[in-house]
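Below is upload-v8.cif, which holds mmCIF, C-alpha atoms and all ligand atoms.
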```cif
data_my_file
#
loop_
_atom_site.group_PDB
_atom_site.id
_atom_site.type_symbol
_atom_site.label_atom_id
_atom_site.label_comp_id
_atom_site.auth_asym_id
_atom_site.auth_seq_id
_atom_site.Cartn_x
_atom_site.Cartn_y
_atom_site.Cartn_z
ATOM 1 C CA MET A 251 21.328 20.654 -34.581
ATOM 2 C CA GLN A 252 23.902 20.077 -31.833
ATOM 3 C CA LYS A 253 23.017 17.303 -29.316
ATOM 4 C CA PRO A 254 22.924 18.234 -25.590
ATOM 5 C CA PRO A 255 25.909 16.838 -23.638
ATOM 6 C CA PHE A 256 23.667 14.484 -21.630
ATOM 7 C CA ASN A 257 20.779 12.098 -22.161
ATOM 8 C CA CYS A 258 17.579 13.919 -21.070
ATOM 9 C CA LYS A 259 15.757 10.638 -20.326
ATOM 10 C CA GLU A 260 18.453 9.532 -17.868
ATOM 11 C CA TRP A 261 18.734 12.906 -16.137
ATOM 12 C CA LYS A 262 16.793 12.840 -12.850
ATOM 13 C CA THR A 263 14.965 16.148 -12.360
ATOM 14 C CA GLU A 264 12.094 17.262 -10.211
ATOM 15 C CA LEU A 265 10.607 19.301 -13.040
ATOM 16 C CA PRO A 266 7.031 18.521 -14.103
ATOM 17 C CA GLU A 267 6.416 16.493 -17.237
ATOM 18 C CA MET A 268 3.530 17.786 -19.345
ATOM 19 C CA ALA A 269 0.732 15.247 -19.749
ATOM 20 C CA GLU A 270 -2.440 15.430 -21.821
ATOM 21 C CA ILE A 271 -5.738 14.688 -20.084
ATOM 22 C CA THR A 272 -7.256 11.671 -21.834
ATOM 23 C CA LYS A 273 -10.528 11.332 -19.921
ATOM 24 C CA VAL A 274 -12.515 13.059 -17.161
ATOM 25 C CA ILE A 275 -15.073 11.178 -15.036
ATOM 26 C CA GLN A 276 -17.598 12.773 -12.677
ATOM 27 C CA GLU A 277 -17.285 10.376 -9.716
ATOM 28 C CA ALA A 278 -19.631 12.091 -7.224
ATOM 29 C CA LYS A 279 -20.884 15.579 -6.339
ATOM 30 C CA ASP A 280 -17.941 18.010 -6.823
ATOM 31 C CA ILE A 281 -15.532 15.084 -7.290
ATOM 32 C CA LYS A 282 -13.907 14.227 -10.630
ATOM 33 C CA SER A 283 -11.161 11.871 -11.811
ATOM 34 C CA PHE A 284 -8.667 13.123 -14.408
ATOM 35 C CA PHE A 285 -6.860 10.471 -16.483
ATOM 36 C CA PHE A 286 -3.537 11.157 -18.227
ATOM 37 C CA ARG A 287 -0.524 9.320 -19.605
ATOM 38 C CA PHE A 288 2.432 9.226 -17.208
ATOM 39 C CA ASP A 289 4.850 6.391 -17.726
ATOM 40 C CA LYS A 290 6.157 5.852 -14.181
ATOM 41 C CA GLU A 291 5.682 2.997 -11.757
ATOM 42 C CA VAL A 292 3.646 4.053 -8.732
ATOM 43 C CA ARG A 293 3.159 2.046 -5.531
ATOM 44 C CA PRO A 294 -0.269 2.119 -3.826
ATOM 45 C CA GLY A 295 -0.450 5.159 -1.530
ATOM 46 C CA GLN A 296 2.183 7.251 -3.320
ATOM 47 C CA PHE A 297 1.333 10.726 -4.610
ATOM 48 C CA VAL A 298 2.195 13.063 -7.480
ATOM 49 C CA MET A 299 2.448 16.854 -7.691
ATOM 50 C CA ILE A 300 0.006 18.307 -10.233
ATOM 51 C CA TRP A 301 0.824 21.652 -11.848
ATOM 52 C CA ILE A 302 -1.710 23.782 -13.679
ATOM 53 C CA PRO A 303 0.297 26.422 -15.561
ATOM 54 C CA CYS A 304 -0.450 29.971 -14.285
ATOM 55 C CA VAL A 305 -2.385 28.550 -11.306
ATOM 56 C CA ASP A 306 -0.431 26.458 -8.759
ATOM 57 C CA GLU A 307 0.945 23.014 -7.977
ATOM 58 C CA LYS A 308 -0.695 20.642 -5.452
ATOM 59 C CA PRO A 309 -0.278 17.069 -4.152
ATOM 60 C CA TYR A 310 -2.629 14.275 -5.263
ATOM 61 C CA ALA A 311 -2.844 10.569 -4.565
ATOM 62 C CA VAL A 312 -2.699 8.390 -7.664
ATOM 63 C CA SER A 313 -6.214 6.951 -7.719
ATOM 64 C CA TYR A 314 -6.074 4.722 -10.831
ATOM 65 C CA GLN A 315 -3.142 3.087 -12.566
ATOM 66 C CA LYS A 316 -3.295 0.908 -15.651
ATOM 67 C CA GLY A 317 -0.217 0.549 -17.853
ATOM 68 C CA LYS A 318 1.003 3.972 -18.878
ATOM 69 C CA GLU A 319 -2.235 5.685 -17.872
ATOM 70 C CA MET A 320 -3.068 6.946 -14.417
ATOM 71 C CA ALA A 321 -5.547 9.280 -12.762
ATOM 72 C CA ILE A 322 -6.068 11.547 -9.813
ATOM 73 C CA THR A 323 -9.436 12.128 -8.132
ATOM 74 C CA SER A 324 -10.069 15.682 -6.963
ATOM 75 C CA HIS A 325 -12.653 17.126 -4.587
ATOM 76 C CA MET A 326 -13.455 20.700 -5.566
ATOM 77 C CA ILE A 327 -12.929 22.818 -2.425
ATOM 78 C CA GLY A 328 -10.830 25.882 -3.265
ATOM 79 C CA PRO A 329 -9.050 27.912 -5.982
ATOM 80 C CA PHE A 330 -6.777 25.146 -7.332
ATOM 81 C CA THR A 331 -9.410 22.422 -7.359
ATOM 82 C CA LYS A 332 -11.871 24.810 -9.056
ATOM 83 C CA ALA A 333 -9.288 25.453 -11.805
ATOM 84 C CA LEU A 334 -8.739 21.687 -12.131
ATOM 85 C CA ASP A 335 -12.504 21.176 -12.392
ATOM 86 C CA ARG A 336 -12.552 23.351 -15.518
ATOM 87 C CA LEU A 337 -10.018 21.177 -17.381
ATOM 88 C CA ARG A 338 -11.239 18.870 -20.161
ATOM 89 C CA LYS A 339 -9.923 16.050 -22.371
ATOM 90 C CA GLY A 340 -6.984 17.393 -24.419
ATOM 91 C CA ASP A 341 -5.913 20.009 -21.840
ATOM 92 C CA LYS A 342 -2.408 19.653 -20.393
ATOM 93 C CA ILE A 343 -1.198 19.444 -16.802
ATOM 94 C CA GLY A 344 2.302 19.134 -15.342
ATOM 95 C CA VAL A 345 3.020 16.012 -13.335
ATOM 96 C CA ARG A 346 6.034 15.148 -11.173
ATOM 97 C CA GLY A 347 6.692 12.251 -8.861
ATOM 98 C CA PRO A 348 5.732 9.720 -7.707
ATOM 99 C CA TYR A 349 6.714 10.668 -4.167
ATOM 100 C CA GLY A 350 6.515 9.255 -0.662
ATOM 101 C CA LYS A 351 6.209 5.875 0.968
ATOM 102 C CA GLY A 352 3.153 3.844 0.067
ATOM 103 C CA PHE A 353 1.159 1.101 1.783
ATOM 104 C CA THR A 354 2.507 -2.398 2.494
ATOM 105 C CA PRO A 355 -0.100 -4.721 0.976
ATOM 106 C CA LYS A 356 -1.024 -7.632 3.278
ATOM 107 C CA LYS A 357 -3.738 -10.270 3.186
ATOM 108 C CA ASN A 358 -6.972 -10.381 5.252
ATOM 109 C CA ALA A 359 -7.273 -6.616 5.241
ATOM 110 C CA CYS A 360 -9.947 -4.048 5.909
ATOM 111 C CA VAL A 361 -9.619 -0.829 3.892
ATOM 112 C CA ILE A 362 -11.410 2.218 5.274
ATOM 113 C CA GLY A 363 -11.789 5.410 3.231
ATOM 114 C CA GLY A 364 -13.484 8.616 4.299
ATOM 115 C CA GLY A 365 -14.623 11.109 1.629
ATOM 116 C CA VAL A 366 -12.003 11.741 -1.061
ATOM 117 C CA GLY A 367 -9.530 9.779 1.136
ATOM 118 C CA MET A 368 -10.838 6.821 -0.892
ATOM 119 C CA ALA A 369 -8.570 8.083 -3.696
ATOM 120 C CA SER A 370 -5.434 7.262 -1.670
ATOM 121 C CA VAL A 371 -6.504 3.687 -0.890
ATOM 122 C CA SER A 372 -8.025 2.809 -4.291
ATOM 123 C CA THR A 373 -4.894 1.462 -6.023
ATOM 124 C CA LEU A 374 -4.199 -0.486 -2.808
ATOM 125 C CA ILE A 375 -7.682 -2.061 -3.050
ATOM 126 C CA ASP A 376 -6.915 -2.945 -6.698
ATOM 127 C CA ALA A 377 -3.599 -4.545 -5.624
ATOM 128 C CA LEU A 378 -5.154 -6.488 -2.726
ATOM 129 C CA GLY A 379 -7.911 -7.966 -4.900
ATOM 130 C CA ASN A 380 -10.764 -8.562 -2.516
ATOM 131 C CA PRO A 381 -10.348 -6.815 0.844
ATOM 132 C CA THR A 382 -13.251 -5.722 3.051
ATOM 133 C CA ILE A 383 -13.972 -2.121 2.010
ATOM 134 C CA LEU A 384 -15.698 0.459 4.189
ATOM 135 C CA MET A 385 -16.454 3.781 2.507
ATOM 136 C CA GLY A 386 -17.654 6.780 4.500
ATOM 137 C CA ALA A 387 -19.203 9.928 3.051
ATOM 138 C CA LYS A 388 -21.254 12.802 4.380
ATOM 139 C CA ASP A 389 -24.240 11.843 2.171
ATOM 140 C CA LYS A 390 -25.302 9.704 -0.819
ATOM 141 C CA ALA A 391 -24.243 12.365 -3.353
ATOM 142 C CA HIS A 392 -20.620 12.258 -2.142
ATOM 143 C CA VAL A 393 -20.124 8.464 -2.184
ATOM 144 C CA LEU A 394 -17.139 7.636 -4.416
ATOM 145 C CA TYR A 395 -16.377 4.666 -6.701
ATOM 146 C CA LYS A 396 -19.739 2.872 -6.226
ATOM 147 C CA LYS A 397 -19.468 1.081 -9.584
ATOM 148 C CA ARG A 398 -15.752 0.437 -9.174
ATOM 149 C CA TYR A 399 -16.218 -1.308 -5.802
ATOM 150 C CA PRO A 400 -19.756 -2.773 -5.814
ATOM 151 C CA LYS A 401 -19.053 -4.908 -2.702
ATOM 152 C CA ALA A 402 -17.947 -1.927 -0.608
ATOM 153 C CA MET A 403 -19.981 -1.216 2.519
ATOM 154 C CA ILE A 404 -21.126 2.390 2.615
ATOM 155 C CA ALA A 405 -21.710 4.602 5.640
ATOM 156 C CA THR A 406 -23.191 8.085 5.397
ATOM 157 C CA ASP A 407 -23.347 10.697 8.152
ATOM 158 C CA ASP A 408 -26.994 11.527 7.291
ATOM 159 C CA GLY A 409 -28.106 7.939 6.578
ATOM 160 C CA SER A 410 -29.057 8.706 2.942
ATOM 161 C CA GLU A 411 -27.166 5.555 1.845
ATOM 162 C CA GLY A 412 -25.964 2.444 3.664
ATOM 163 C CA PHE A 413 -25.094 2.461 7.372
ATOM 164 C CA HIS A 414 -26.406 5.587 9.155
ATOM 165 C CA GLY A 415 -23.454 7.023 11.047
ATOM 166 C CA PHE A 416 -19.706 7.331 10.932
ATOM 167 C CA VAL A 417 -17.522 4.787 9.163
ATOM 168 C CA THR A 418 -15.674 4.338 12.492
ATOM 169 C CA ASP A 419 -18.906 2.958 14.024
ATOM 170 C CA GLN A 420 -19.407 0.732 10.977
ATOM 171 C CA PHE A 421 -15.843 -0.541 11.491
ATOM 172 C CA LYS A 422 -16.661 -1.425 15.149
ATOM 173 C CA GLU A 423 -19.751 -3.361 13.899
ATOM 174 C CA GLN A 424 -17.584 -5.274 11.398
ATOM 175 C CA LEU A 425 -15.094 -6.182 14.139
ATOM 176 C CA LYS A 426 -17.911 -8.009 15.985
ATOM 177 C CA LYS A 427 -18.296 -10.311 12.946
ATOM 178 C CA LYS A 428 -14.819 -10.544 11.358
ATOM 179 C CA LYS A 429 -11.145 -10.747 12.288
ATOM 180 C CA PHE A 430 -8.672 -8.641 10.285
ATOM 181 C CA SER A 431 -4.872 -8.911 10.174
ATOM 182 C CA MET A 432 -4.406 -5.433 8.739
ATOM 183 C CA VAL A 433 -6.311 -2.161 8.486
ATOM 184 C CA TYR A 434 -5.553 0.601 5.962
ATOM 185 C CA THR A 435 -7.141 4.015 6.115
ATOM 186 C CA CYS A 436 -7.239 7.470 4.554
ATOM 187 C CA GLY A 437 -9.727 10.246 5.237
ATOM 188 C CA PRO A 438 -10.332 13.067 7.702
ATOM 189 C CA GLU A 439 -7.591 12.910 10.333
ATOM 190 C CA ILE A 440 -10.074 12.721 13.252
ATOM 191 C CA MET A 441 -11.536 9.590 11.608
ATOM 192 C CA MET A 442 -8.079 8.045 11.115
ATOM 193 C CA LYS A 443 -7.106 8.829 14.718
ATOM 194 C CA LYS A 444 -10.225 6.941 15.934
ATOM 195 C CA ILE A 445 -9.431 3.999 13.683
ATOM 196 C CA VAL A 446 -5.880 3.844 15.049
ATOM 197 C CA GLU A 447 -7.277 3.907 18.613
ATOM 198 C CA ILE A 448 -9.648 1.024 17.814
ATOM 199 C CA CYS A 449 -6.732 -0.911 16.259
ATOM 200 C CA ASN A 450 -4.666 -0.217 19.400
ATOM 201 C CA GLU A 451 -7.458 -1.679 21.587
ATOM 202 C CA LYS A 452 -7.823 -4.761 19.362
ATOM 203 C CA GLY A 453 -4.104 -5.203 18.629
ATOM 204 C CA ILE A 454 -4.562 -4.999 14.834
ATOM 205 C CA ASP A 455 -1.799 -3.666 12.573
ATOM 206 C CA CYS A 456 -2.753 -0.464 10.796
ATOM 207 C CA GLU A 457 -1.433 2.014 8.225
ATOM 208 C CA ALA A 458 -2.852 5.490 7.613
ATOM 209 C CA SER A 459 -2.153 8.031 4.880
ATOM 210 C CA VAL A 460 -1.631 11.458 6.448
ATOM 211 C CA GLU A 461 -1.950 14.883 4.761
ATOM 212 C CA ARG A 462 0.035 17.996 5.556
ATOM 213 C CA TYR A 463 0.566 21.215 3.558
ATOM 214 C CA MET A 464 3.087 20.388 0.832
ATOM 215 C CA LYS A 465 5.156 22.688 -1.346
ATOM 216 C CA CYS A 466 8.114 20.767 -2.786
ATOM 217 C CA GLY A 467 6.869 17.188 -2.247
ATOM 218 C CA TYR A 468 10.370 15.738 -1.891
ATOM 219 C CA GLY A 469 11.904 16.853 1.407
ATOM 220 C CA ILE A 470 13.340 20.317 0.704
ATOM 221 C CA CYS A 471 10.986 22.953 2.146
ATOM 222 C CA GLY A 472 10.054 21.363 5.494
ATOM 223 C CA ASN A 473 6.452 22.618 5.366
ATOM 224 C CA CYS A 474 4.858 19.169 5.639
ATOM 225 C CA VAL A 475 6.444 18.410 9.029
ATOM 226 C CA ILE A 476 4.588 16.337 11.649
ATOM 227 C CA ASP A 477 6.686 16.055 14.827
ATOM 228 C CA ASP A 478 10.133 14.971 13.543
ATOM 229 C CA GLN A 479 8.790 13.468 10.301
ATOM 230 C CA LEU A 480 8.368 14.939 6.814
ATOM 231 C CA VAL A 481 5.075 13.648 5.449
ATOM 232 C CA CYS A 482 6.280 13.847 1.817
ATOM 233 C CA VAL A 483 9.309 11.561 2.309
ATOM 234 C CA ASP A 484 8.749 9.669 5.600
ATOM 235 C CA GLY A 485 5.005 9.288 4.762
ATOM 236 C CA PRO A 486 2.364 9.973 3.651
ATOM 237 C CA VAL A 487 1.679 6.424 4.865
ATOM 238 C CA PHE A 488 2.687 5.740 8.483
ATOM 239 C CA ASN A 489 2.205 2.557 10.486
ATOM 240 C CA ARG A 490 0.398 2.289 13.833
ATOM 241 C CA GLU A 491 3.590 2.232 15.873
ATOM 242 C CA LYS A 492 4.789 5.500 14.299
ATOM 243 C CA LEU A 493 1.332 7.149 14.446
ATOM 244 C CA ASN A 494 1.119 6.407 18.188
ATOM 245 C CA LYS A 495 4.377 8.311 18.688
ATOM 246 C CA LEU A 496 3.317 11.379 16.651
ATOM 247 C CA ASN A 497 2.060 13.999 19.115
ATOM 248 C CA ASP A 498 0.648 16.196 16.299
ATOM 249 C CA PHE A 499 -1.381 13.371 14.695
ATOM 250 C CA GLY A 500 -5.079 14.232 15.129
ATOM 251 C CA ARG A 501 -4.185 17.509 16.884
ATOM 252 C CA PHE A 502 -1.977 20.014 15.024
ATOM 253 C CA ALA A 503 -0.785 20.896 11.518
ATOM 254 C CA HIS A 504 1.277 23.669 9.907
ATOM 255 C CA LEU A 505 -0.371 26.225 7.614
ATOM 256 C CA LYS A 506 1.139 27.302 4.257
ATOM 257 C CA ASN A 507 3.168 29.984 6.137
ATOM 258 C CA GLY A 508 4.556 27.373 8.547
ATOM 259 C CA LYS A 509 2.450 28.440 11.582
ATOM 260 C CA LYS A 510 1.369 25.504 13.757
ATOM 261 C CA VAL A 511 -2.397 25.499 14.408
ATOM 262 C CA ALA A 512 -5.081 23.155 15.736
ATOM 263 C CA LEU A 513 -6.308 20.692 13.102
ATOM 264 C CA ALA A 514 -9.773 22.337 12.945
ATOM 265 C CA GLU A 515 -8.153 25.632 11.918
ATOM 266 C CA TYR A 516 -5.884 23.881 9.394
ATOM 267 C CA TYR A 517 -8.864 22.235 7.702
ATOM 268 C CA GLY A 518 -10.970 25.423 7.991
ATOM 269 C CA GLY A 519 -13.706 23.646 9.914
ATOM 270 C CA ARG A 520 -13.501 20.461 7.814
ATOM 271 C CA ALA A 521 -11.325 18.521 10.308
HETATM 272 C C1 LIG A 601 -0.231 13.511 -0.013
HETATM 273 C C2 LIG A 601 -1.526 14.219 -0.357
HETATM 274 C C3 LIG A 601 -2.430 13.608 -1.202
HETATM 275 C C4 LIG A 601 -3.630 14.245 -1.533
HETATM 276 N N1 LIG A 601 -4.512 13.607 -2.349
HETATM 277 C C5 LIG A 601 -5.687 14.182 -2.654
HETATM 278 C C6 LIG A 601 -6.621 13.515 -3.498
HETATM 279 O O1 LIG A 601 -6.399 12.381 -3.930
HETATM 280 N N2 LIG A 601 -7.780 14.159 -3.786
HETATM 281 C C7 LIG A 601 -8.068 15.417 -3.308
HETATM 282 O O2 LIG A 601 -9.143 15.950 -3.626
HETATM 283 N N3 LIG A 601 -7.199 16.062 -2.511
HETATM 284 C C8 LIG A 601 -6.014 15.490 -2.183
HETATM 285 N N4 LIG A 601 -5.116 16.162 -1.385
HETATM 286 C C9 LIG A 601 -5.455 17.509 -0.939
HETATM 287 C C10 LIG A 601 -5.283 18.500 -2.096
HETATM 288 O O3 LIG A 601 -3.907 18.724 -2.309
HETATM 289 C C11 LIG A 601 -6.019 19.790 -1.716
HETATM 290 O O4 LIG A 601 -7.392 19.505 -1.692
HETATM 291 C C12 LIG A 601 -5.789 20.886 -2.709
HETATM 292 O O5 LIG A 601 -4.459 21.291 -2.650
HETATM 293 C C13 LIG A 601 -6.731 22.042 -2.391
HETATM 294 O O6 LIG A 601 -6.304 23.189 -3.052
HETATM 295 P P1 LIG A 601 -7.342 24.392 -3.282
HETATM 296 O O7 LIG A 601 -6.613 25.576 -3.792
HETATM 297 O O8 LIG A 601 -8.498 23.923 -4.112
HETATM 298 O O9 LIG A 601 -7.949 24.660 -1.822
HETATM 299 P P2 LIG A 601 -7.469 25.648 -0.664
HETATM 300 O O10 LIG A 601 -8.657 26.477 -0.322
HETATM 301 O O11 LIG A 601 -6.186 26.330 -0.998
HETATM 302 O O12 LIG A 601 -7.165 24.627 0.515
HETATM 303 C C14 LIG A 601 -8.191 23.817 1.086
HETATM 304 C C15 LIG A 601 -7.513 22.766 1.928
HETATM 305 O O13 LIG A 601 -6.756 21.891 1.083
HETATM 306 C C16 LIG A 601 -5.550 21.492 1.716
HETATM 307 N N5 LIG A 601 -4.423 21.976 0.913
HETATM 308 C C17 LIG A 601 -4.353 23.110 0.162
HETATM 309 N N6 LIG A 601 -3.155 23.218 -0.425
HETATM 310 C C18 LIG A 601 -2.432 22.139 -0.034
HETATM 311 C C19 LIG A 601 -1.096 21.703 -0.280
HETATM 312 N N7 LIG A 601 -0.256 22.391 -1.052
HETATM 313 N N8 LIG A 601 -0.710 20.537 0.296
HETATM 314 C C20 LIG A 601 -1.551 19.814 1.078
HETATM 315 N N9 LIG A 601 -2.819 20.180 1.344
HETATM 316 C C21 LIG A 601 -3.242 21.340 0.805
HETATM 317 C C22 LIG A 601 -5.583 22.104 3.124
HETATM 318 O O14 LIG A 601 -6.237 21.171 3.974
HETATM 319 C C23 LIG A 601 -6.498 23.298 2.957
HETATM 320 O O15 LIG A 601 -7.150 23.659 4.141
HETATM 321 C C24 LIG A 601 -3.918 15.546 -1.010
HETATM 322 C C25 LIG A 601 -2.997 16.165 -0.148
HETATM 323 C C26 LIG A 601 -1.819 15.506 0.183
HETATM 324 C C27 LIG A 601 -0.854 16.169 1.129
HETATM 325 S S1 LIG A 602 6.592 19.257 1.039
HETATM 326 FE FE1 LIG A 602 8.563 20.146 1.199
HETATM 327 S S2 LIG A 602 9.539 18.921 2.691
HETATM 328 FE FE2 LIG A 602 7.647 17.957 2.407
#
```
Turn this file's structure into structure tokens for me.
Ligand SMILES: Cc1cc2nc3c(=O)[nH]c(=O)nc-3n(C[C@H](O)[C@H](O)[C@H](O)COP(=O)(O)OP(=O)(O)OC[C@H]3O[C@@H](n4cnc5c(N)ncnc54)[C@H](O)[C@@H]3O)c2cc1C
Ligand code: FES
Amino acid sequence: MQKPPFNCKEWKTELPEMAEITKVIQEAKDIKSFFFRFDKEVRPGQFVMIWIPCVDEKPYAVSYQKGKEMAITSHMIGPFTKALDRLRKGDKIGVRGPYGKGFTPKKNACVIGGGVGMASVSTLIDALGNPTILMGAKDKAHVLYKKRYPKAMIATDDGSEGFHGFVTDQFKEQLKKKKFSMVYTCGPEIMMKKIVEICNEKGIDCEASVERYMKCGYGICGNCVIDDQLVCVDGPVFNREKLNKLNDFGRFAHLKNGKKVALAEYYGGRA
């Protein structure tokens, strides 16, 4: 057989690589992690595009990474995530990336995750070693990674586990007892906006991982715009200084068709 005139391994493409699912873990109610082999180096906070043939392609934070194996953690909320939920060990998905700018790991940190936002900060927690971890969820059934992070402090909206209230209030309680040099967060944007405001008041450095509707994932389509930034290449992680300058942060986002709407409409009431 004739050899192609180039070395496929050296050729940089943005086409998905097919990967076999090696393990599926039920992490919490409607939330599963899917492990697969993908031999690329990923920095904490970066994301990959996951393709399910005949369905769609969507962005996911890399939530576990060990050697050549990694995982994503998906909350089942719509058509794509329902299709993902049906996949089992041995099924194949397309993976491309990693994309975006990740977190800058620093010592004496507090990591705050809300809901499935914990997935974006989990490899950061693993890299930091022993940061203070605050995990917020709507109730006990939706608390993620309890076994993985046994020292994490939990807050639930309904008080069914841990601190009764929002993780932002739990953060304020922690600030009465501890001093942090750095705060990292990912979760509902309203929660992240409050955390940035608290960090502004206290003068603490902060980084937040922001979500916007993504199509290409690498700066071509422009759909993930927030002010003058493209979340897929300039983010998804932004620092406090940048977040303070972003007028749309905590207020507006663009739908799949590009229309700019209030955040509550973008998240369909889940803002
Ligand atoms: C950088 C990044 C990292 C993400 N990491 C995770 C993760 O670790 N775990 C997780 O559960 N979810 C993550 N998401 C969100 C995930 O992509 C959506 O939950 C998923 O696409 C929903 O698709 P659906 O068809 O099930 O739901 P739909 O009903 O189509 O959408 C539900 C909501 O999901 C979001 N969404 C849908 N499509 C996209 C898209 N193409 N790009 C961005 N957001 C979209 C919107 O907020 C939308 O309102 C991430 C998003 C981004 C931008
Ligand atoms: S998703 Fe296309 S430019 Fe960001």
Surrounding residues as a VMD selection string, ligand LIG 601 (chain A), max 7 Å, only C-alpha atoms and all ligand atoms: chain A and resid 297 308 to 313 322 to 332 366 to 367 369 to 370 460 to 465 482 486 516 to 518
Could the residues in this selection be saved with C-alpha atoms as an mmCIF file, in the coordinates of the input?
```cif
data_model
loop_
_atom_site.group_PDB
_atom_site.id
_atom_site.type_symbol
_atom_site.label_atom_id
_atom_site.label_comp_id
_atom_site.auth_asym_id
_atom_site.auth_seq_id
_atom_site.Cartn_x
_atom_site.Cartn_y
_atom_site.Cartn_z
ATOM 1 C CA PHE A 297 1.333 10.726 -4.610
ATOM 2 C CA LYS A 308 -0.695 20.642 -5.452
ATOM 3 C CA PRO A 309 -0.278 17.069 -4.152
ATOM 4 C CA TYR A 310 -2.629 14.275 -5.263
ATOM 5 C CA ALA A 311 -2.844 10.569 -4.565
ATOM 6 C CA VAL A 312 -2.699 8.390 -7.664
ATOM 7 C CA SER A 313 -6.214 6.951 -7.719
ATOM 8 C CA ILE A 322 -6.068 11.547 -9.813
ATOM 9 C CA THR A 323 -9.436 12.128 -8.132
ATOM 10 C CA SER A 324 -10.069 15.682 -6.963
ATOM 11 C CA HIS A 325 -12.653 17.126 -4.587
ATOM 12 C CA MET A 326 -13.455 20.700 -5.566
ATOM 13 C CA ILE A 327 -12.929 22.818 -2.425
ATOM 14 C CA GLY A 328 -10.830 25.882 -3.265
ATOM 15 C CA PRO A 329 -9.050 27.912 -5.982
ATOM 16 C CA PHE A 330 -6.777 25.146 -7.332
ATOM 17 C CA THR A 331 -9.410 22.422 -7.359
ATOM 18 C CA LYS A 332 -11.871 24.810 -9.056
ATOM 19 C CA VAL A 366 -12.003 11.741 -1.061
ATOM 20 C CA GLY A 367 -9.530 9.779 1.136
ATOM 21 C CA ALA A 369 -8.570 8.083 -3.696
ATOM 22 C CA SER A 370 -5.434 7.262 -1.670
ATOM 23 C CA VAL A 460 -1.631 11.458 6.448
ATOM 24 C CA GLU A 461 -1.950 14.883 4.761
ATOM 25 C CA ARG A 462 0.035 17.996 5.556
ATOM 26 C CA TYR A 463 0.566 21.215 3.558
ATOM 27 C CA MET A 464 3.087 20.388 0.832
ATOM 28 C CA LYS A 465 5.156 22.688 -1.346
ATOM 29 C CA CYS A 482 6.280 13.847 1.817
ATOM 30 C CA PRO A 486 2.364 9.973 3.651
ATOM 31 C CA TYR A 516 -5.884 23.881 9.394
ATOM 32 C CA TYR A 517 -8.864 22.235 7.702
ATOM 33 C CA GLY A 518 -10.970 25.423 7.991
#
```
Protein and nucleic acid residues near (-5.2, 14.6, 19.6) (cut-off 10 Å, only C-alpha atoms) as a PyMOL selection string: chain A and resi 439-440+443-444+496-502+512-513
File dump, residues just selected, C-alpha atoms, as a PDB file, in the frame of the given file:
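Written file, result06.pdb:
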```pdb
ATOM      1  CA  GLU A 439      -7.591  12.910  10.333  1.00  0.00           C
ATOM      2  CA  ILE A 440     -10.074  12.721  13.252  1.00  0.00           C
ATOM      3  CA  LYS A 443      -7.106   8.829  14.718  1.00  0.00           C
ATOM      4  CA  LYS A 444     -10.225   6.941  15.934  1.00  0.00           C
ATOM      5  CA  LEU A 496       3.317  11.379  16.651  1.00  0.00           C
ATOM      6  CA  ASN A 497       2.060  13.999  19.115  1.00  0.00           C
ATOM      7  CA  ASP A 498       0.648  16.196  16.299  1.00  0.00           C
ATOM      8  CA  PHE A 499      -1.381  13.371  14.695  1.00  0.00           C
ATOM      9  CA  GLY A 500      -5.079  14.232  15.129  1.00  0.00           C
ATOM     10  CA  ARG A 501      -4.185  17.509  16.884  1.00  0.00           C
ATOM     11  CA  PHE A 502      -1.977  20.014  15.024  1.00  0.00           C
ATOM     12  CA  ALA A 512      -5.081  23.155  15.736  1.00  0.00           C
ATOM     13  CA  LEU A 513      -6.308  20.692  13.102  1.00  0.00           C
TER      14      LEU A 513
END
```
Selection: 6 Å around range 379-393 of chain A, all atoms listed in the file, excl. self and same-chain fewer than 6 positions, as a PyMOL selection string: chain A and resi 278-279+359-365+402-408+410-411+417
Residues matched by the PyMOL selection byres (((chain A and resi 267) around 12) and not hetatm), written as a VMD selection string: chain A and resid 259 262 to 266 268 to 270 286 to 290 298 to 303 342 to 348
Hits from the PyMOL selection byres (((chain A and resi 506) around 8) and not hetatm), listed as a PyMOL selection string: chain A and resi 463-464+473+504-505+507-509
Close residues to ligand LIG 602 (chain A) using all atoms listed in the file, limit 6 Å, as a PyMOL selection string: chain A and resi 464-474+480-482
Given the PyMOL selection byres (((chain A and resi 376) around 10) and not hetatm), the residues it picks as a PyMOL selection string: chain A and resi 294+313-315+371-375+377-381+398-399
Could you turn the residues from that selection into a file that holds C-alpha atoms, as a compact mmCIF listing (two decimals), in the frame of the given file?
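Heads up, here's the output in result.txt:
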```
# COMPACT_ATOMS: atom_id res chain seq x y z
CA PRO A 294 -0.27 2.12 -3.83
CA SER A 313 -6.21 6.95 -7.72
CA TYR A 314 -6.07 4.72 -10.83
CA GLN A 315 -3.14 3.09 -12.57
CA VAL A 371 -6.50 3.69 -0.89
CA SER A 372 -8.02 2.81 -4.29
CA THR A 373 -4.89 1.46 -6.02
CA LEU A 374 -4.20 -0.49 -2.81
CA ILE A 375 -7.68 -2.06 -3.05
CA ALA A 377 -3.60 -4.54 -5.62
CA LEU A 378 -5.15 -6.49 -2.73
CA GLY A 379 -7.91 -7.97 -4.90
CA ASN A 380 -10.76 -8.56 -2.52
CA PRO A 381 -10.35 -6.82 0.84
CA ARG A 398 -15.75 0.44 -9.17
CA TYR A 399 -16.22 -1.31 -5.80
```
If you count only C-alpha atoms, which residues fall within 8 Å of Cys456 in chain A, apart from same-chain ones fewer than 4 positions away, as an mmCIF file with C-alpha atoms, keeping the file's coordinate frame?
```cif
data_model
loop_
_atom_site.group_PDB
_atom_site.id
_atom_site.type_symbol
_atom_site.label_atom_id
_atom_site.label_comp_id
_atom_site.auth_asym_id
_atom_site.auth_seq_id
_atom_site.Cartn_x
_atom_site.Cartn_y
_atom_site.Cartn_z
ATOM 1 C CA MET A 432 -4.406 -5.433 8.739
ATOM 2 C CA VAL A 433 -6.311 -2.161 8.486
ATOM 3 C CA TYR A 434 -5.553 0.601 5.962
ATOM 4 C CA THR A 435 -7.141 4.015 6.115
ATOM 5 C CA VAL A 446 -5.880 3.844 15.049
ATOM 6 C CA CYS A 449 -6.732 -0.911 16.259
ATOM 7 C CA ASN A 489 2.205 2.557 10.486
ATOM 8 C CA ARG A 490 0.398 2.289 13.833
#
```
